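Undergrad: Below is the file entry-v4.pdb, which contains PDB, C-alpha atoms, pLDDT in the B column.
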```pdb
ATOM      1  CA  MET A  16      82.492  88.150 106.366  1.00 32.00           C
ATOM      2  CA  GLU A  17      83.333  90.992 104.038  1.00 34.00           C
ATOM      3  CA  HIS A  18      82.947  88.913 100.867  1.00 32.00           C
ATOM      4  CA  THR A  19      79.251  88.072 101.299  1.00 32.00           C
ATOM      5  CA  PRO A  20      78.200  90.254  98.346  1.00 32.00           C
ATOM      6  CA  PHE A  21      79.371  87.369  96.133  1.00 34.00           C
ATOM      7  CA  LEU A  22      76.705  85.120  97.563  1.00 35.00           C
ATOM      8  CA  GLU A  23      73.120  85.424  96.468  1.00 34.00           C
ATOM      9  CA  TYR A  24      70.508  83.932  98.744  1.00 33.00           C
ATOM     10  CA  ASN A  25      66.914  83.129  97.792  1.00 36.00           C
ATOM     11  CA  ASN A  26      64.684  82.181 100.714  1.00 36.00           C
ATOM     12  CA  GLY A  27      67.739  81.437 102.849  1.00 38.00           C
ATOM     13  CA  VAL A  28      69.277  79.058 100.286  1.00 39.00           C
ATOM     14  CA  CYS A  29      72.371  79.952  98.309  1.00 37.00           C
ATOM     15  CA  SER A  30      71.659  80.021  94.578  1.00 39.00           C
ATOM     16  CA  ARG A  31      73.276  77.273  92.487  1.00 42.00           C
ATOM     17  CA  GLU A  32      75.656  79.552  90.572  1.00 45.00           C
ATOM     18  CA  PHE A  33      77.120  81.005  93.775  1.00 44.00           C
ATOM     19  CA  TYR A  34      77.212  77.793  95.814  1.00 41.00           C
ATOM     20  CA  PRO A  35      80.823  76.925  94.888  1.00 51.00           C
ATOM     21  CA  LEU A  36      81.931  80.324  96.248  1.00 49.00           C
ATOM     22  CA  LEU A  37      80.394  79.467  99.616  1.00 48.00           C
ATOM     23  CA  LYS A  38      82.956  76.673  99.997  1.00 52.00           C
ATOM     24  CA  PHE A  39      85.789  79.166  99.553  1.00 53.00           C
ATOM     25  CA  GLU A  40      84.167  81.603 101.972  1.00 58.00           C
ATOM     26  CA  ILE A  41      84.028  78.833 104.578  1.00 52.00           C
ATOM     27  CA  LEU A  42      87.721  78.071 103.949  1.00 52.00           C
ATOM     28  CA  GLY A  43      88.465  81.763 104.504  1.00 52.00           C
ATOM     29  CA  ASP A  44      86.391  81.846 107.695  1.00 52.00           C
ATOM     30  CA  THR A  45      88.352  78.865 109.022  1.00 52.00           C
ATOM     31  CA  LEU A  46      91.644  80.634 108.199  1.00 52.00           C
ATOM     32  CA  LEU A  47      92.648  78.088 105.562  1.00 62.00           C
ATOM     33  CA  GLY A  48      93.096  80.860 103.049  1.00 74.00           C
ATOM     34  CA  VAL A  49      92.042  84.282 101.854  1.00 82.00           C
ATOM     35  CA  LEU A  50      89.493  85.296  99.265  1.00 80.00           C
ATOM     36  CA  LEU A  51      90.575  88.113  96.962  1.00 84.00           C
ATOM     37  CA  ALA A  52      87.545  89.934  95.623  1.00 82.00           C
ATOM     38  CA  PRO A  53      87.433  91.590  92.196  1.00 88.00           C
ATOM     39  CA  TYR A  54      88.036  95.345  92.333  1.00 88.00           C
ATOM     40  CA  GLY A  55      85.322  97.691  91.301  1.00 78.00           C
ATOM     41  CA  LYS A  56      83.497 100.753  92.436  1.00 66.00           C
ATOM     42  CA  ASN A  57      80.223  99.194  91.337  1.00 54.00           C
ATOM     43  CA  ILE A  58      78.980  96.291  93.537  1.00 43.00           C
ATOM     44  CA  ARG A  59      76.946  94.749  90.697  1.00 44.00           C
ATOM     45  CA  LYS A  60      80.032  94.531  88.478  1.00 51.00           C
ATOM     46  CA  GLN A  61      81.987  93.005  91.357  1.00 44.00           C
ATOM     47  CA  GLN A  62      79.333  90.334  91.830  1.00 42.00           C
ATOM     48  CA  ARG A  63      79.571  89.231  88.186  1.00 49.00           C
ATOM     49  CA  LYS A  64      83.277  88.478  88.507  1.00 68.00           C
ATOM     50  CA  ASN A  65      84.784  85.578  90.409  1.00 78.00           C
ATOM     51  CA  PRO A  66      86.970  86.112  93.446  1.00 80.00           C
ATOM     52  CA  LYS A  67      90.358  84.389  93.720  1.00 83.00           C
ATOM     53  CA  PHE A  68      91.199  82.060  96.587  1.00 76.00           C
ATOM     54  CA  TYR A  69      94.692  81.706  98.058  1.00 80.00           C
ATOM     55  CA  PHE A  70      95.449  78.869 100.508  1.00 76.00           C
ATOM     56  CA  PHE A  71      97.196  79.969 103.710  1.00 76.00           C
ATOM     57  CA  ASP A  72     100.314  78.063 102.702  1.00 78.00           C
ATOM     58  CA  LEU A  73     101.949  77.537  99.328  1.00 77.00           C
ATOM     59  CA  GLY A  74     102.838  73.957 100.292  1.00 78.00           C
ATOM     60  CA  VAL A  75      99.181  73.084 100.861  1.00 74.00           C
ATOM     61  CA  GLN A  76      98.216  74.565  97.523  1.00 74.00           C
ATOM     62  CA  ARG A  77     101.001  72.668  95.739  1.00 75.00           C
ATOM     63  CA  ALA A  78     100.123  69.419  97.546  1.00 79.00           C
ATOM     64  CA  LEU A  79      96.469  69.697  96.543  1.00 75.00           C
ATOM     65  CA  ALA A  80      97.546  70.360  92.959  1.00 76.00           C
ATOM     66  CA  ARG A  81      99.863  67.311  93.178  1.00 84.00           C
ATOM     67  CA  MET A  82     102.860  69.445  92.292  1.00 78.00           C
ATOM     68  CA  VAL A  83     105.033  68.865  95.381  1.00 81.00           C
ATOM     69  CA  GLU A  84     107.364  66.454  93.579  1.00 83.00           C
ATOM     70  CA  TYR A  85     108.129  69.044  90.918  1.00 82.00           C
ATOM     71  CA  PRO A  86     110.572  71.735  92.045  1.00 85.00           C
ATOM     72  CA  LEU A  87     109.752  75.342  91.259  1.00 83.00           C
ATOM     73  CA  SER A  88     112.250  76.708  88.804  1.00 85.00           C
ATOM     74  CA  PRO A  89     112.797  80.454  88.480  1.00 88.00           C
ATOM     75  CA  ARG A  90     111.341  82.055  85.350  1.00 85.00           C
ATOM     76  CA  SER A  91     108.664  79.375  85.060  1.00 88.00           C
ATOM     77  CA  VAL A  92     104.948  80.113  85.048  1.00 88.00           C
ATOM     78  CA  GLU A  93     104.499  78.059  88.241  1.00 86.00           C
ATOM     79  CA  PHE A  94     107.252  80.010  89.990  1.00 91.00           C
ATOM     80  CA  GLY A  95     105.513  83.263  89.011  1.00 91.00           C
ATOM     81  CA  ARG A  96     102.172  82.028  90.379  1.00 88.00           C
ATOM     82  CA  ALA A  97     103.811  80.863  93.600  1.00 89.00           C
ATOM     83  CA  PHE A  98     105.560  84.209  94.040  1.00 94.00           C
ATOM     84  CA  GLU A  99     102.297  86.106  93.477  1.00 93.00           C
ATOM     85  CA  HIS A 100     100.636  83.795  96.022  1.00 90.00           C
ATOM     86  CA  LEU A 101     103.415  84.495  98.554  1.00 92.00           C
ATOM     87  CA  VAL A 102     103.229  88.284  98.181  1.00 96.00           C
ATOM     88  CA  ILE A 103      99.433  88.371  98.450  1.00 94.00           C
ATOM     89  CA  LEU A 104      99.460  86.172 101.559  1.00 92.00           C
ATOM     90  CA  GLU A 105     102.171  88.296 103.143  1.00 95.00           C
ATOM     91  CA  ALA A 106     100.168  91.475 102.435  1.00 97.00           C
ATOM     92  CA  HIS A 107      97.144  89.907 104.157  1.00 93.00           C
ATOM     93  CA  ARG A 108      99.232  88.739 107.116  1.00 93.00           C
ATOM     94  CA  ARG A 109     100.869  92.117 107.637  1.00 96.00           C
ATOM     95  CA  ASN A 110      97.558  93.916 107.247  1.00 95.00           C
ATOM     96  CA  SER A 111      96.047  91.738 109.961  1.00 92.00           C
ATOM     97  CA  TYR A 112      99.053  91.957 112.285  1.00 94.00           C
ATOM     98  CA  LEU A 113      99.447  95.732 111.931  1.00 95.00           C
ATOM     99  CA  ARG A 114      95.672  96.328 111.878  1.00 94.00           C
ATOM    100  CA  ALA A 115      96.344  98.561 108.886  1.00 94.00           C
ATOM    101  CA  ASN A 116      92.728  98.464 107.637  1.00 94.00           C
ATOM    102  CA  PHE A 117      93.576  97.717 104.003  1.00 95.00           C
ATOM    103  CA  ARG A 118      90.993  96.039 101.807  1.00 94.00           C
ATOM    104  CA  PHE A 119      92.516  93.907  99.064  1.00 95.00           C
ATOM    105  CA  SER A 120      91.186  92.945  95.667  1.00 93.00           C
ATOM    106  CA  TYR A 121      92.397  92.295  92.129  1.00 92.00           C
ATOM    107  CA  LEU A 122      91.423  93.817  88.794  1.00 90.00           C
ATOM    108  CA  ARG A 123      90.896  92.093  85.469  1.00 86.00           C
ATOM    109  CA  THR A 124      89.516  93.970  82.482  1.00 83.00           C
ATOM    110  CA  LYS A 125      87.401  92.591  79.650  1.00 81.00           C
ATOM    111  CA  ASP A 126      90.458  92.554  77.381  1.00 81.00           C
ATOM    112  CA  GLY A 127      92.469  90.445  79.857  1.00 80.00           C
ATOM    113  CA  ALA A 128      94.680  93.093  81.463  1.00 84.00           C
ATOM    114  CA  GLU A 129      95.184  92.235  85.113  1.00 88.00           C
ATOM    115  CA  ILE A 130      96.433  94.051  88.178  1.00 93.00           C
ATOM    116  CA  ASP A 131      97.491  91.416  90.702  1.00 94.00           C
ATOM    117  CA  LEU A 132      96.660  93.344  93.863  1.00 96.00           C
ATOM    118  CA  VAL A 133      94.661  96.469  94.601  1.00 95.00           C
ATOM    119  CA  ALA A 134      95.074  97.859  98.110  1.00 96.00           C
ATOM    120  CA  GLU A 135      92.506 100.342  99.417  1.00 94.00           C
ATOM    121  CA  ARG A 136      92.238 102.298 102.649  1.00 89.00           C
ATOM    122  CA  PRO A 137      89.308 104.505 103.601  1.00 86.00           C
ATOM    123  CA  GLY A 138      89.743 108.060 102.384  1.00 88.00           C
ATOM    124  CA  GLN A 139      92.895 107.339 100.376  1.00 92.00           C
ATOM    125  CA  ASN A 140      93.599 106.692  96.714  1.00 92.00           C
ATOM    126  CA  PRO A 141      93.799 103.040  95.662  1.00 94.00           C
ATOM    127  CA  ILE A 142      97.187 101.400  95.199  1.00 96.00           C
ATOM    128  CA  PHE A 143      97.594  99.180  92.136  1.00 96.00           C
ATOM    129  CA  ILE A 144     100.321  96.558  92.473  1.00 97.00           C
ATOM    130  CA  GLU A 145     101.809  94.392  89.757  1.00 96.00           C
ATOM    131  CA  ILE A 146     103.695  91.359  91.121  1.00 97.00           C
ATOM    132  CA  LYS A 147     106.590  90.036  89.026  1.00 96.00           C
ATOM    133  CA  SER A 148     108.855  87.127  89.951  1.00 95.00           C
ATOM    134  CA  SER A 149     111.651  88.568  87.820  1.00 94.00           C
ATOM    135  CA  SER A 150     114.999  89.402  89.373  1.00 94.00           C
ATOM    136  CA  ARG A 151     115.311  92.245  86.864  1.00 95.00           C
ATOM    137  CA  VAL A 152     112.146  94.167  86.029  1.00 95.00           C
ATOM    138  CA  GLN A 153     111.857  96.251  82.899  1.00 94.00           C
ATOM    139  CA  GLU A 154     109.493  98.956  81.726  1.00 93.00           C
ATOM    140  CA  LYS A 155     107.659  96.511  79.446  1.00 92.00           C
ATOM    141  CA  ASP A 156     106.621  94.557  82.574  1.00 90.00           C
ATOM    142  CA  MET A 157     104.557  97.581  83.619  1.00 90.00           C
ATOM    143  CA  ARG A 158     102.410  97.999  80.516  1.00 89.00           C
ATOM    144  CA  HIS A 159      99.104  97.192  82.290  1.00 87.00           C
ATOM    145  CA  LEU A 160      99.903  99.531  85.155  1.00 91.00           C
ATOM    146  CA  ALA A 161     100.934 102.306  82.773  1.00 90.00           C
ATOM    147  CA  ARG A 162      97.627 101.999  80.943  1.00 88.00           C
ATOM    148  CA  PHE A 163      95.646 102.334  84.182  1.00 87.00           C
ATOM    149  CA  ILE A 164      97.636 105.393  85.245  1.00 87.00           C
ATOM    150  CA  GLU A 165      96.631 107.097  82.002  1.00 87.00           C
ATOM    151  CA  THR A 166      92.918 106.527  82.659  1.00 84.00           C
ATOM    152  CA  GLU A 167      92.965 106.946  86.466  1.00 84.00           C
ATOM    153  CA  PRO A 168      95.790 109.351  87.384  1.00 84.00           C
ATOM    154  CA  GLN A 169      94.839 109.389  91.097  1.00 89.00           C
ATOM    155  CA  ILE A 170      96.030 105.810  91.685  1.00 92.00           C
ATOM    156  CA  GLN A 171      99.404 104.953  93.154  1.00 95.00           C
ATOM    157  CA  ALA A 172     101.250 102.282  91.176  1.00 96.00           C
ATOM    158  CA  PHE A 173     103.883  99.799  92.278  1.00 97.00           C
ATOM    159  CA  CYS A 174     105.647  96.766  90.924  1.00 97.00           C
ATOM    160  CA  PHE A 175     106.787  94.294  93.597  1.00 98.00           C
ATOM    161  CA  SER A 176     109.426  91.858  92.413  1.00 97.00           C
ATOM    162  CA  LEU A 177     112.591  89.962  93.247  1.00 97.00           C
ATOM    163  CA  ASP A 178     114.685  92.767  91.726  1.00 97.00           C
ATOM    164  CA  PRO A 179     116.847  94.141  94.573  1.00 97.00           C
ATOM    165  CA  HIS A 180     117.377  97.484  92.803  1.00 97.00           C
ATOM    166  CA  PRO A 181     114.651 100.126  93.256  1.00 97.00           C
ATOM    167  CA  GLN A 182     113.588 101.764  89.999  1.00 96.00           C
ATOM    168  CA  LYS A 183     111.069 104.302  88.785  1.00 96.00           C
ATOM    169  CA  PHE A 184     109.208 103.919  85.496  1.00 94.00           C
ATOM    170  CA  GLY A 185     107.223 107.125  85.059  1.00 92.00           C
ATOM    171  CA  LYS A 186     104.762 107.128  87.985  1.00 93.00           C
ATOM    172  CA  ILE A 187     105.418 103.458  88.821  1.00 96.00           C
ATOM    173  CA  ASP A 188     107.729 102.557  91.695  1.00 97.00           C
ATOM    174  CA  ALA A 189     109.409  99.169  91.187  1.00 97.00           C
ATOM    175  CA  LEU A 190     110.652  97.763  94.488  1.00 98.00           C
ATOM    176  CA  PHE A 191     111.865  94.526  96.014  1.00 98.00           C
ATOM    177  CA  TRP A 192     108.635  92.969  97.303  1.00 98.00           C
ATOM    178  CA  GLN A 193     109.371  93.334 101.033  1.00 98.00           C
ATOM    179  CA  GLU A 194     110.426  96.949 100.580  1.00 98.00           C
ATOM    180  CA  GLY A 195     107.298  97.525  98.502  1.00 97.00           C
ATOM    181  CA  LEU A 196     105.026  96.219 101.254  1.00 98.00           C
ATOM    182  CA  ALA A 197     106.780  98.537 103.727  1.00 97.00           C
ATOM    183  CA  ALA A 198     106.422 101.479 101.318  1.00 97.00           C
ATOM    184  CA  ILE A 199     102.630 101.132 101.236  1.00 97.00           C
ATOM    185  CA  GLY A 200     102.419 100.810 105.021  1.00 95.00           C
ATOM    186  CA  LEU A 201     102.612  97.053 105.555  1.00 95.00           C
TER     187      LEU A 201
END
```
When written as structure tokens, how does the structure in this file appear?
TA:
Amino acid sequence: MEHTPFLEYNNGVCSREFYPLLKFEILGDTLLGVLLAPYGKNIRKQQRKNPKFYFFDLGVQRALARMVEYPLSPRSVEFGRAFEHLVILEAHRRNSYLRANFRFSYLRTKDGAEIDLVAERPGQNPIFIEIKSSSRVQEKDMRHLARFIETEPQIQAFCFSLDPHPQKFGKIDALFWQEGLAAIGL
């Protein structure tokens, strides 16, 4: 599997600090979810950060978290997490179905800035994607993306949301999430 750099083996035995990640890798291998690796050009830096795991179905994730009885309400933190989960799973599904050859990851800086999804294809510039559950995105929602564009101008930047109106904030394209996936080739 592609995410084996996160596992460190000594004499054929997985080291104690990486053992919990092996469980998630097995879940990914059995198609119960996807592992989202941390983005980085340096493998050593990637290995020091934890990957994120997304169950194949939001209902399974909510059932395991014992949250099924509680409805998701728009504008809540849980709704935002569920929407991010949905978009990331759909990107993985479309990538697999279309055989688009994207590699997905996420980016979190030391100061806590996070890019929800980084999509890479061989020989092309990376695509940084911010996922917002808002039905009306604003420029302030793009502050992390804007900061990355300043330091790495070669990246493409998108905001996928529930806002049905396409917008442009500087070099950032804000699109309805399904249109956004289509715009990047998924």
Undergrad: List the spatial neighbours of Gly195 of chain A as a PyMOL selection string - criterion: any atom at most 9 Å away, all atoms listed in the file, same-chain residues fewer than 6 positions off excluded.
TA: chain A and resi 173-176+188-189+201
Undergrad: Need the shell around Ile142 of chain A: protein/DNA/RNA residues with any atom at most 6 Å away, counting all atoms listed in the file. Skip same-chain ones fewer than 2 positions apart. Format as a PyMOL selection string?
TA: chain A and resi 133-134+170-172
Undergrad: So, with only C-alpha atoms as the atoms that count, which of A:Ala161, A:Pro141, A:Glu129, A:Leu101 lies closest to Gly74 of chain A?
TA: A:Leu101
Undergrad: Which polymer residues have any atom within 9 Å of an atom of Glu99 of chain A, counting only C-alpha atoms, with same-chain residues fewer than 2 positions away left out, as a PyMOL selection string?
TA: chain A and resi 94-97+101-104+131+146-148
Undergrad: Write out the residues from the selection above, keeping C-alpha atoms, as a short mmCIF file (atom, residue, chain, number, x, y, z; two decimals), keeping the file's coordinate frame.
TA:
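So result18.cif came out as:
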```cif
data_model
loop_
_atom_site.label_atom_id
_atom_site.label_comp_id
_atom_site.auth_asym_id
_atom_site.auth_seq_id
_atom_site.Cartn_x
_atom_site.Cartn_y
_atom_site.Cartn_z
CA PHE A 94 107.25 80.01 89.99
CA GLY A 95 105.51 83.26 89.01
CA ARG A 96 102.17 82.03 90.38
CA ALA A 97 103.81 80.86 93.60
CA LEU A 101 103.42 84.50 98.55
CA VAL A 102 103.23 88.28 98.18
CA ILE A 103 99.43 88.37 98.45
CA LEU A 104 99.46 86.17 101.56
CA ASP A 131 97.49 91.42 90.70
CA ILE A 146 103.70 91.36 91.12
CA LYS A 147 106.59 90.04 89.03
CA SER A 148 108.86 87.13 89.95
#
```
Undergrad: Given all atoms listed in the file as the basis, pick out the residue of A:Arg81, A:Arg136, A:His159, A:His180 nearest to Asn116 of chain A.
TA: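 Among A:Arg81, A:Arg136, A:His159, A:His180, it is A:Arg136 that comes nearest to Asn116 of chain A.
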Undergrad: The PyMOL selection byres ((chain A and resi 162) around 12) - which residues does that actually catch in the file I just gave you? List them as a CSV table (one decimal) with C-alpha atoms, in the coordinates of the input.
TA:
```csv
chain,number,residue,atom,x,y,z
A,124,THR,CA,89.5,94.0,82.5
A,128,ALA,CA,94.7,93.1,81.5
A,129,GLU,CA,95.2,92.2,85.1
A,130,ILE,CA,96.4,94.1,88.2
A,143,PHE,CA,97.6,99.2,92.1
A,155,LYS,CA,107.7,96.5,79.4
A,156,ASP,CA,106.6,94.6,82.6
A,157,MET,CA,104.6,97.6,83.6
A,158,ARG,CA,102.4,98.0,80.5
A,159,HIS,CA,99.1,97.2,82.3
A,160,LEU,CA,99.9,99.5,85.2
A,161,ALA,CA,100.9,102.3,82.8
A,163,PHE,CA,95.6,102.3,84.2
A,164,ILE,CA,97.6,105.4,85.2
A,165,GLU,CA,96.6,107.1,82.0
A,166,THR,CA,92.9,106.5,82.7
A,167,GLU,CA,93.0,106.9,86.5
A,168,PRO,CA,95.8,109.4,87.4
A,170,ILE,CA,96.0,105.8,91.7
A,172,ALA,CA,101.2,102.3,91.2
A,185,GLY,CA,107.2,107.1,85.1
A,186,LYS,CA,104.8,107.1,88.0
A,187,ILE,CA,105.4,103.5,88.8
```
Undergrad: At what distance in Å, to one decimal, does atom CA of Asp178 of chain A lie from atom CA of Gln76 of chain A?
TA: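 Separation of atom CA of Gln76 of chain A and atom CA of Asp178 of chain A: 25.2 Å.
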Undergrad: Go ahead and fit an axis-aligned box to every listed atom of segment 99-117 of chain A plus 5 Å each side, and pass me the centre and edge lengths in Å, one decimal, as lines of an AutoDock Vina configuration file.
TA:
```
center_x = 98.1
center_y = 91.2
center_z = 102.9
size_x = 20.7
size_y = 24.8
size_z = 28.8
```
Undergrad: Got a sec: who's within 7 Å of Ala52 of chain A, counting only C-alpha atoms, leaving out chain neighbours fewer than 3 positions off, as a VMD selection string?
TA: chain A and resid 66 to 67 120 to 121
Undergrad: Take atom CA of Gly48 of chain A and atom CA of Arg114 of chain A and report the distance between them in Å, one decimal.
TA: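 Pair atom CA of Gly48 of chain A / atom CA of Arg114 of chain A returns 18.0 Å.
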Undergrad: If you measure from atom CA of Glu105 of chain A to atom CA of Asp72 of chain A, what distance in Å do you get, rounded to one decimal?
TA: 10.4 Å
